Each structure stands twice: as structure tokens, then as C-alpha cells.
>>> print(open('work_0.tsv').read())   # TSV, C-alpha atoms
chain	number	residue	atom	x	y	z
A	1	MET	CA	12.52	-64.55	49.91
A	2	GLU	CA	16.00	-63.54	51.04
A	3	GLY	CA	17.53	-60.65	49.12
A	4	ILE	CA	14.23	-59.57	47.56
A	5	THR	CA	12.50	-56.35	48.58
A	6	TYR	CA	8.86	-55.62	47.93
A	7	VAL	CA	7.21	-52.28	47.36
A	8	ASN	CA	5.21	-50.70	50.16
A	9	THR	CA	1.90	-50.61	48.27
A	10	GLU	CA	0.43	-48.11	50.74
A	11	LYS	CA	2.82	-45.52	49.33
A	12	ILE	CA	1.93	-46.07	45.67
A	13	ILE	CA	-0.66	-43.85	44.00
A	14	LEU	CA	-1.89	-44.28	40.44
A	15	ARG	CA	-3.72	-41.47	38.65
A	16	GLU	CA	-4.05	-39.94	35.21
A	17	ILE	CA	-1.44	-37.38	34.16
A	18	ASN	CA	-1.19	-35.15	31.11
A	19	LYS	CA	0.32	-36.67	27.99
A	20	ALA	CA	3.14	-34.13	27.78
A	21	THR	CA	4.44	-35.19	31.20
A	22	ALA	CA	4.19	-38.86	30.27
A	23	LYS	CA	5.91	-38.27	26.93
A	24	ASP	CA	8.84	-36.49	28.60
A	25	LEU	CA	9.30	-39.37	31.05
A	26	ILE	CA	9.06	-42.09	28.38
A	27	VAL	CA	11.35	-40.42	25.84
A	28	LYS	CA	14.00	-39.83	28.50
A	29	HIS	CA	13.90	-43.18	30.28
A	30	HIS	CA	12.08	-45.94	28.37
A	31	TYR	CA	14.38	-48.26	26.42
A	32	THR	CA	12.75	-47.23	23.11
A	33	HIS	CA	13.23	-43.50	23.82
A	34	SER	CA	10.17	-42.88	21.65
A	35	TRP	CA	6.56	-41.82	22.10
A	36	THR	CA	3.62	-43.81	20.85
A	37	SER	CA	-0.18	-44.11	20.72
A	38	CYS	CA	-1.71	-42.75	23.93
A	39	ARG	CA	-5.32	-42.67	25.09
A	40	TYR	CA	-4.63	-42.73	28.82
A	41	ALA	CA	-1.39	-41.83	30.59
A	42	LEU	CA	-1.32	-43.09	34.16
A	43	GLY	CA	1.29	-41.63	36.45
A	44	ILE	CA	2.84	-43.76	39.17
A	45	PHE	CA	3.53	-41.73	42.31
A	46	TYR	CA	5.40	-42.65	45.47
A	47	ARG	CA	4.41	-40.98	48.74
A	48	GLY	CA	7.59	-40.24	50.66
A	49	ASN	CA	8.15	-39.27	54.29
A	50	GLN	CA	9.13	-35.66	53.62
A	51	GLU	CA	7.03	-32.84	52.23
A	52	ASP	CA	8.25	-30.08	49.96
A	53	VAL	CA	7.55	-26.36	50.56
A	54	PHE	CA	4.09	-26.83	49.08
A	55	GLY	CA	3.21	-29.68	51.43
A	56	ASN	CA	3.52	-32.32	48.72
A	57	SER	CA	5.16	-35.63	49.54
A	58	GLU	CA	4.41	-37.41	46.25
A	59	GLN	CA	7.09	-38.08	43.64
A	60	LEU	CA	6.39	-39.19	40.07
A	61	ILE	CA	8.45	-42.36	39.65
A	62	GLY	CA	7.01	-43.78	36.44
A	63	CYS	CA	4.04	-44.08	34.15
A	64	MET	CA	2.14	-46.48	31.95
A	65	VAL	CA	0.55	-45.60	28.64
A	66	TYR	CA	-2.55	-47.21	27.19
A	67	GLY	CA	-3.57	-46.47	23.62
A	68	PHE	CA	-5.89	-47.87	21.01
A	69	PRO	CA	-4.15	-50.82	19.30
A	70	ILE	CA	-1.62	-49.72	16.71
A	71	GLY	CA	-2.08	-52.55	14.21
A	72	ARG	CA	-5.10	-52.23	11.90
A	73	SER	CA	-6.14	-55.85	12.44
A	74	ALA	CA	-5.04	-56.13	16.08
A	75	VAL	CA	-8.56	-56.06	17.51
A	76	SER	CA	-10.09	-58.53	15.05
A	77	SER	CA	-7.08	-60.81	15.54
A	78	ILE	CA	-8.16	-61.22	19.17
A	79	SER	CA	-11.84	-61.88	18.48
A	80	GLU	CA	-14.30	-60.94	15.75
A	81	THR	CA	-16.79	-60.10	18.52
A	82	LEU	CA	-14.73	-57.09	19.69
A	83	THR	CA	-14.98	-53.51	18.44
A	84	ASN	CA	-12.07	-51.05	18.27
A	85	ASP	CA	-13.20	-49.09	21.33
A	86	GLU	CA	-13.33	-52.23	23.48
A	87	VAL	CA	-9.57	-52.89	23.39
A	88	LEU	CA	-6.62	-50.91	24.72
A	89	GLU	CA	-2.96	-51.69	24.16
A	90	LEU	CA	-0.36	-51.15	26.87
A	91	THR	CA	2.12	-49.32	24.68
A	92	ARG	CA	4.65	-48.15	27.29
A	93	LEU	CA	5.53	-48.91	30.91
A	94	TYR	CA	8.42	-47.40	32.82
A	95	ILE	CA	9.19	-47.19	36.55
A	96	HIS	CA	12.42	-45.98	38.13
A	97	ASP	CA	14.48	-48.66	39.86
A	98	GLY	CA	14.70	-49.08	43.60
A	99	TYR	CA	11.06	-49.32	44.67
A	100	GLY	CA	10.70	-53.08	45.04
A	101	SER	CA	10.81	-56.07	42.74
A	102	ASN	CA	7.02	-56.36	42.50
A	103	ILE	CA	6.17	-52.75	41.76
A	104	GLU	CA	5.47	-53.28	38.05
A	105	SER	CA	3.05	-56.15	38.61
A	106	TYR	CA	1.33	-54.24	41.42
A	107	CYS	CA	0.87	-51.15	39.27
A	108	LEU	CA	-0.42	-53.22	36.36
A	109	GLY	CA	-3.07	-54.70	38.64
A	110	GLN	CA	-4.02	-51.21	39.83
A	111	SER	CA	-4.31	-50.03	36.23
A	112	PHE	CA	-6.88	-52.76	35.53
A	113	LYS	CA	-9.03	-51.32	38.33
A	114	TRP	CA	-8.56	-47.77	36.98
A	115	ILE	CA	-9.63	-48.75	33.47
A	116	ARG	CA	-12.69	-50.64	34.72
A	117	GLU	CA	-13.75	-47.48	36.54
A	118	HIS	CA	-12.83	-44.79	33.99
A	119	ALA	CA	-13.16	-46.67	30.68
A	120	PRO	CA	-15.92	-49.24	31.34
A	121	LYS	CA	-16.40	-50.02	27.62
A	122	VAL	CA	-12.95	-51.62	27.49
A	123	LYS	CA	-13.12	-55.40	27.73
A	124	VAL	CA	-9.63	-56.54	26.74
A	125	LEU	CA	-6.07	-55.28	27.13
A	126	LEU	CA	-3.29	-56.16	24.72
A	127	SER	CA	0.47	-55.97	25.06
A	128	TYR	CA	3.65	-57.34	23.52
A	129	ALA	CA	7.05	-58.42	24.82
A	130	ASP	CA	9.95	-57.94	22.42
A	131	PRO	CA	12.47	-60.83	22.36
A	132	ASP	CA	14.88	-58.69	20.35
A	133	HIS	CA	15.18	-56.54	23.47
A	134	TYR	CA	15.46	-59.61	25.74
A	135	HIS	CA	11.89	-59.41	27.02
A	136	LEU	CA	9.79	-62.50	27.74
A	137	GLY	CA	6.86	-60.74	29.39
A	138	LYS	CA	7.55	-61.74	32.98
A	139	ILE	CA	5.38	-58.94	34.39
A	140	TYR	CA	2.46	-60.13	32.25
A	141	GLN	CA	3.00	-63.66	33.46
A	142	ALA	CA	3.04	-62.41	37.06
A	143	THR	CA	-0.32	-60.68	36.55
A	144	ASN	CA	-1.98	-63.63	34.80
A	145	TRP	CA	-2.26	-62.32	31.25
A	146	LEU	CA	-3.11	-64.91	28.59
A	147	TYR	CA	-0.26	-65.75	26.24
A	148	GLN	CA	-0.75	-66.27	22.51
A	149	LYS	CA	2.25	-67.42	20.51
A	150	ASP	CA	2.84	-67.81	16.78
A	151	ILE	CA	0.82	-64.70	15.89
A	152	LYS	CA	2.03	-63.89	12.41
A	153	LEU	CA	2.76	-60.20	12.06
A	154	VAL	CA	3.85	-58.37	8.93
A	155	ASP	CA	7.51	-59.15	8.26
A	156	SER	CA	9.76	-56.28	9.32
A	157	TYR	CA	13.50	-55.83	9.20
A	158	GLU	CA	16.25	-53.77	10.79
A	159	LEU	CA	19.53	-52.51	9.42
A	160	SER	CA	22.68	-51.44	11.24
A	161	LEU	CA	25.61	-49.58	9.74
A	162	VAL	CA	27.91	-50.55	12.63
A	163	ASP	CA	28.96	-53.86	14.15
A	164	GLU	CA	28.14	-54.94	17.70
A	165	PRO	CA	26.46	-53.64	19.75
A	166	TYR	CA	24.73	-52.47	16.54
A	167	ASP	CA	22.52	-49.43	16.02
A	168	TRP	CA	19.35	-50.78	14.46
A	169	ILE	CA	17.25	-48.79	11.99
A	170	HIS	CA	13.69	-50.04	11.40
A	171	SER	CA	12.65	-50.99	7.86
A	172	ARG	CA	10.19	-48.06	7.72
A	173	SER	CA	13.08	-45.64	8.17
A	174	VAL	CA	15.28	-47.67	5.81
A	175	VAL	CA	12.73	-47.29	3.01
A	176	GLY	CA	12.41	-43.59	3.77
A	177	ARG	CA	16.17	-43.01	3.54
A	178	TRP	CA	17.26	-45.43	0.83
A	179	GLY	CA	14.05	-46.18	-1.04
A	180	SER	CA	13.93	-49.94	-0.55
A	181	CYS	CA	14.43	-52.85	1.84
A	182	LYS	CA	15.82	-55.14	-0.85
A	183	ILE	CA	19.36	-56.29	-0.15
A	184	ASP	CA	20.62	-55.79	-3.71
A	185	THR	CA	19.29	-52.23	-3.79
A	186	LEU	CA	20.76	-51.43	-0.40
A	187	LYS	CA	24.17	-52.69	-1.45
A	188	VAL	CA	24.18	-50.04	-4.18
A	189	GLU	CA	22.48	-47.19	-2.28
A	190	LEU	CA	24.58	-47.61	0.85
A	191	GLY	CA	27.68	-47.88	-1.29
A	192	ASN	CA	26.76	-44.59	-2.95
A	193	ASP	CA	26.50	-43.07	0.54
A	194	GLY	CA	30.03	-44.17	1.35
A	195	HIS	CA	29.24	-47.20	3.51
A	196	THR	CA	31.29	-50.36	2.94
A	197	GLU	CA	29.21	-52.86	4.92
A	198	PHE	CA	25.97	-53.31	6.84
A	199	TRP	CA	24.15	-55.78	9.07
A	200	TRP	CA	20.60	-56.95	8.46
A	201	LYS	CA	18.08	-59.00	10.41
A	202	LYS	CA	14.44	-59.99	10.36
A	203	ILE	CA	12.62	-58.72	13.43
A	204	SER	CA	11.48	-61.57	15.64
A	205	ASN	CA	7.77	-62.08	16.25
A	206	LYS	CA	6.82	-60.49	19.54
A	207	HIS	CA	5.26	-62.40	22.41
A	208	ARG	CA	1.61	-61.38	22.58
A	209	TYR	CA	-0.37	-61.19	25.80
A	210	ILE	CA	-4.03	-60.35	26.41
A	211	GLN	CA	-5.89	-59.54	29.61
A	212	ILE	CA	-9.67	-59.83	29.72
A	213	ILE	CA	-10.79	-57.19	32.23
A	214	THR	CA	-14.53	-57.03	31.76
A	215	PRO	CA	-16.18	-57.86	35.11
A	216	ASN	CA	-19.16	-59.40	33.32
A	217	ARG	CA	-18.79	-63.19	33.63
A	218	LYS	CA	-20.97	-63.86	30.61
A	219	GLU	CA	-18.85	-61.55	28.46
A	220	ARG	CA	-15.64	-63.13	29.74
A	221	LYS	CA	-16.90	-66.59	28.92
A	222	LEU	CA	-18.00	-65.50	25.43
A	223	LEU	CA	-14.65	-63.84	24.74
A	224	MET	CA	-12.71	-66.91	25.83
A	225	LYS	CA	-14.88	-69.05	23.57
A	226	ASN	CA	-14.35	-66.78	20.56
A	227	LEU	CA	-10.62	-66.09	20.80
A	228	LYS	CA	-9.13	-66.36	17.32
A	229	HIS	CA	-5.84	-67.83	18.56
A	230	PRO	CA	-5.32	-70.50	21.22
A	231	ILE	CA	-3.84	-69.81	24.62
A	232	SER	CA	-0.36	-71.27	25.10
A	233	GLU	CA	2.00	-71.88	27.98
A	234	TYR	CA	4.19	-68.98	28.98
A	235	PRO	CA	7.61	-68.75	27.32
A	236	LYS	CA	10.41	-69.39	29.81
A	237	GLN	CA	13.63	-68.92	27.86
A	238	LEU	CA	14.87	-66.26	25.49
A	239	GLU	CA	15.81	-67.33	22.01
A	240	ASP	CA	19.15	-66.39	20.52
A	241	THR	CA	18.06	-63.63	18.14
A	242	THR	CA	21.65	-62.94	17.03
A	243	LYS	CA	21.41	-65.95	14.71
A	244	ASN	CA	19.13	-63.87	12.48
A	245	ILE	CA	21.80	-61.25	11.80
A	246	GLU	CA	23.33	-61.27	8.30
A	247	HIS	CA	26.37	-59.31	7.18
A	248	TYR	CA	26.70	-57.74	3.73
A	249	THR	CA	29.31	-55.77	1.81
A	250	THR	CA	28.16	-52.85	-0.27
A	251	ILE	CA	28.94	-52.22	-3.93
A	252	THR	CA	31.52	-49.50	-4.39
A	253	PRO	CA	30.31	-46.97	-6.97
A	254	ASN	CA	32.37	-46.64	-10.13
A	255	THR	CA	34.09	-43.25	-9.87
A	256	ASP	CA	36.36	-43.71	-12.85
A	257	GLY	CA	36.34	-40.94	-15.36
A	258	GLY	CA	36.03	-41.72	-19.02
A	259	PHE	CA	35.30	-40.46	-22.44
A	260	TRP	CA	31.84	-40.32	-23.83
>>> encode(input="work_0.tsv", output="C-alpha cells")
Amino acid sequence: MEGITYVNTEKIILREINKATAKDLIVKHHYTHSWTSCRYALGIFYRGNQEDVFGNSEQLIGCMVYGFPIGRSAVSSISETLTNDEVLELTRLYIHDGYGSNIESYCLGQSFKWIREHAPKVKVLLSYADPDHYHLGKIYQATNWLYQKDIKLVDSYELSLVDEPYDWIHSRSVVGRWGSCKIDTLKVELGNDGHTEFWWKKISNKHRYIQIITPNRKERKLLMKNLKHPISEYPKQLEDTTKNIEHYTTITPNTDGGFW
């Protein structure tokens, strides 16, 4: 297609790297700027035309991180026939721009081959696309993952102390700092901290994708038969998540003196 460039797949190399290197890359460049569960860190290298003084022409341009699923019931929510060591979650994926529009989908496909070879017990991969960060999961759709919608996760919330573009604090951190997620309590606690207003929203359910990678046809057929949730059509449009944002005014603490 005109205007679209594709990666030269002959120059892409995928291999395991140490977790410290992957962590540094993810924290610096991934949109979350945070580390996560990691069982395997796969570096994405690009073989250039020039060698350095050591004769190396490969440049680390990204990585993908697979870890055991973070949610306690994530595995059983796929199928009761699966055990915890048979599922990996793609927890992070980052690649520098400028290497072709299809590089992410190509590298995902290569990672399936790597896992089949180096972690043969793994039968299913799991990943999520976050609509609150304007993600539909296009790369999963391009690599034929199965989409499961309406998976009810535990309700979570985010709080921001500033207006647009907001600076969201997850409910886990909110509880740690102010002791509660209840609006009435936060009005008082944030008021005591000198804040006059805050913004609050329920975190949208993430789009969930699964990829069955076992090469055993009988196992694949059995897994498809025993999936706990039905397969749905891919989502095509982002929802307006700003409609979930609520604005509140805090309660100013009473600083009046008085006799007692």
C-alpha cells in the first residue's frame, strides 16, 4: 500500500535478554513507565549495515516481556483444564519507531515460535488492551488472537488531583496514601492535605485476547471446546472513556480556634 513501509524481516533477530536490560528499556520507553511480572524477556534486535569496533552490527530496538498471569484467577478464567504453568501473559511490548508498520505483529509471531521451542509446556498466551490508553489490540487482531469481551474484572478506580490531561493515581496507591477509595472519605482526607478538588473514574474493562500456541491439534481442539468465555468479534472503535470521569470538591477542614 502507498505510504506504508514494512520491516525487512531478514534484519530482525529475537532472543532472550537479561531482565535488567529489559526493565531499563521498558521503564524508560513504555507508556506505563513501570516494570511488571517477567518470566521471559525477549530482546528485539535490528541488524544494521555498519559494524561497531567489536564487529557487532546488531542494535537492541525493543523487547517483549512474558510473565505468569498476574491475576489469581486469570488461568482458570480461560479454562478449568489449564494449570498455572501452561499460560503466559504478554505483560509488556515496546519497539522503537521507524522500523516498519508491521514490525510488532512480525515479532509477536516470532515470539510464539520461541516459546514453543523454549517453554514447550505453555499452551496459551494471554494479553490485554487498555481502552483507557486508547488501545484496541490491533496487533493482536493482526496476529489472529482470539478476543473475549465482557470479562468482569475486579472494579478498580483512578484519581487525579489535576484537570486535563489528568495525572491518574491507581486505587491501590489511593488506599495506601489516603486510607480509602470512598468518595466521602477522600473529600475529607484530600481536604486535610490542602487539595480543593479531584477527578475520579472507574477503570474500563480491558479487552482480553488469548492465543492458543500448543502445536498439538487434539489439545487445541480440547481447549477451544472448554473455553470459559465465548469468542467475540474484534472491537473496531474506541469508546469515549472520558464520560466516566467525575469531578468532586473536597471538604475544607475547620481551622477555627475555639474554647474548650
>>> closest_atom_pairs(input="work_0.tsv", of="region 91-170 of chain A", to="region 203-219 of chain A", cutoff="6 Å", atoms="all atoms listed in the file", output="JSON lines")
{"residue": "A:Lys123", "atom": "CA", "partner": "A:Thr214", "partner_atom": "CA", "distance": 4.6}
{"residue": "A:Val124", "atom": "CA", "partner": "A:Ile212", "partner_atom": "CA", "distance": 4.4}
{"residue": "A:Leu125", "atom": "CA", "partner": "A:Gln211", "partner_atom": "CA", "distance": 4.9}
{"residue": "A:Leu126", "atom": "CA", "partner": "A:Ile210", "partner_atom": "CA", "distance": 4.6}
{"residue": "A:Ser127", "atom": "CA", "partner": "A:Tyr209", "partner_atom": "CA", "distance": 5.3}
{"residue": "A:Tyr128", "atom": "CA", "partner": "A:Arg208", "partner_atom": "CA", "distance": 4.6}
{"residue": "A:Ala129", "atom": "CA", "partner": "A:His207", "partner_atom": "CA", "distance": 5.0}
{"residue": "A:Asp130", "atom": "CA", "partner": "A:Lys206", "partner_atom": "CA", "distance": 5.0}
{"residue": "A:Trp145", "atom": "CA", "partner": "A:Gln211", "partner_atom": "CA", "distance": 4.9}
{"residue": "A:Leu146", "atom": "CA", "partner": "A:Ile210", "partner_atom": "CA", "distance": 5.1}
{"residue": "A:Tyr147", "atom": "CA", "partner": "A:Tyr209", "partner_atom": "CA", "distance": 4.6}
{"residue": "A:Gln148", "atom": "CA", "partner": "A:Arg208", "partner_atom": "CA", "distance": 5.4}
{"residue": "A:Ser156", "atom": "CA", "partner": "A:Ile203", "partner_atom": "CA", "distance": 5.6}
{"residue": "A:Tyr157", "atom": "CA", "partner": "A:Ile203", "partner_atom": "CA", "distance": 5.2}
>>> closest_residue(input="work_0.tsv", among="A:His133, A:Lys228, A:Lys113, A:Lys121", to="Asn84 (chain A)", atoms="all atoms listed in the file")
A:Lys121
>>> residues_near_point(input="work_0.tsv", point="(5.7, -51.1, 32.7)", cutoff="8 Å", atoms="all atoms listed in the file", output="compact mmCIF listing (two decimals) with C-alpha atoms, keeping the file's coordinate frame")
# COMPACT_ATOMS: atom_id res chain seq x y z
CA CYS A 63 4.04 -44.08 34.15
CA MET A 64 2.14 -46.48 31.95
CA ARG A 92 4.65 -48.15 27.29
CA LEU A 93 5.53 -48.91 30.91
CA TYR A 94 8.42 -47.40 32.82
CA ILE A 95 9.19 -47.19 36.55
CA GLU A 104 5.47 -53.28 38.05
CA LEU A 108 -0.42 -53.22 36.36
>>> residues_around(input="work_0.tsv", residues="Glu58 (chain A)", least_positions_apart="2", cutoff="7 Å", atoms="only C-alpha atoms", output="short mmCIF file (atom, residue, chain, number, x, y, z; two decimals) with C-alpha atoms, in the coordinates of the input")
data_model
loop_
_atom_site.label_atom_id
_atom_site.label_comp_id
_atom_site.auth_asym_id
_atom_site.auth_seq_id
_atom_site.Cartn_x
_atom_site.Cartn_y
_atom_site.Cartn_z
CA PHE A 45 3.53 -41.73 42.31
CA TYR A 46 5.40 -42.65 45.47
CA ARG A 47 4.41 -40.98 48.74
CA GLY A 48 7.59 -40.24 50.66
CA ASN A 56 3.52 -32.32 48.72
CA LEU A 60 6.39 -39.19 40.07
#
>>> atom_distance(input="work_0.tsv", atom1="CA of Cys107 (chain A)", atom2="CA of Ile70 (chain A)")
22.7 Å
>>> closest_residue(input="work_0.tsv", among="A:Glu233, A:Lys202, A:Thr196, A:Ile251", to="His170 (chain A)", atoms="all atoms listed in the file")
A:Lys202
>>> atom_distance(input="work_0.tsv", atom1="CA of Ser37 (chain A)", atom2="CA of Tyr66 (chain A)")
7.6 Å
>>> residues_near_point(input="work_0.tsv", point="(11.5, -56.9, 46.5)", cutoff="12 Å", atoms="only C-alpha atoms", output="list in words")
Met1, Glu2, Gly3, Ile4, Thr5, Tyr6, Val7, Asn8, Thr9, Asp97, Gly98, Tyr99, Gly100, Ser101, Asn102, Ile103, Glu104, Ser105 and Tyr106 of chain A
>>> atom_distance(input="work_0.tsv", atom1="CA of Lys201 (chain A)", atom2="CA of Ile245 (chain A)")
4.6 Å
>>> closest_residue(input="work_0.tsv", among="A:Arg177, A:Lys138, A:His96, A:Lys236", to="Ile26 (chain A)", atoms="all atoms listed in the file")
A:His96
>>> axis_aligned_box(input="work_0.tsv", around="region 178-183 of chain A", padding_each_side="6 Å", output="AutoDock Vina command-line options")
--center_x 16.6 --center_y -50.9 --center_z 0.4 --size_x 17.4 --size_y 22.9 --size_z 14.9
>>> closest_residue(input="work_0.tsv", among="A:Ile231, A:Val65, A:Val162, A:Ala119", to="His195 (chain A)", atoms="only C-alpha atoms")
A:Val162
>>> closest_residue(input="work_0.tsv", among="A:Gly176, A:Gly109, A:Gly62, A:Pro120", to="Asp85 (chain A)", atoms="all atoms listed in the file")
A:Pro120
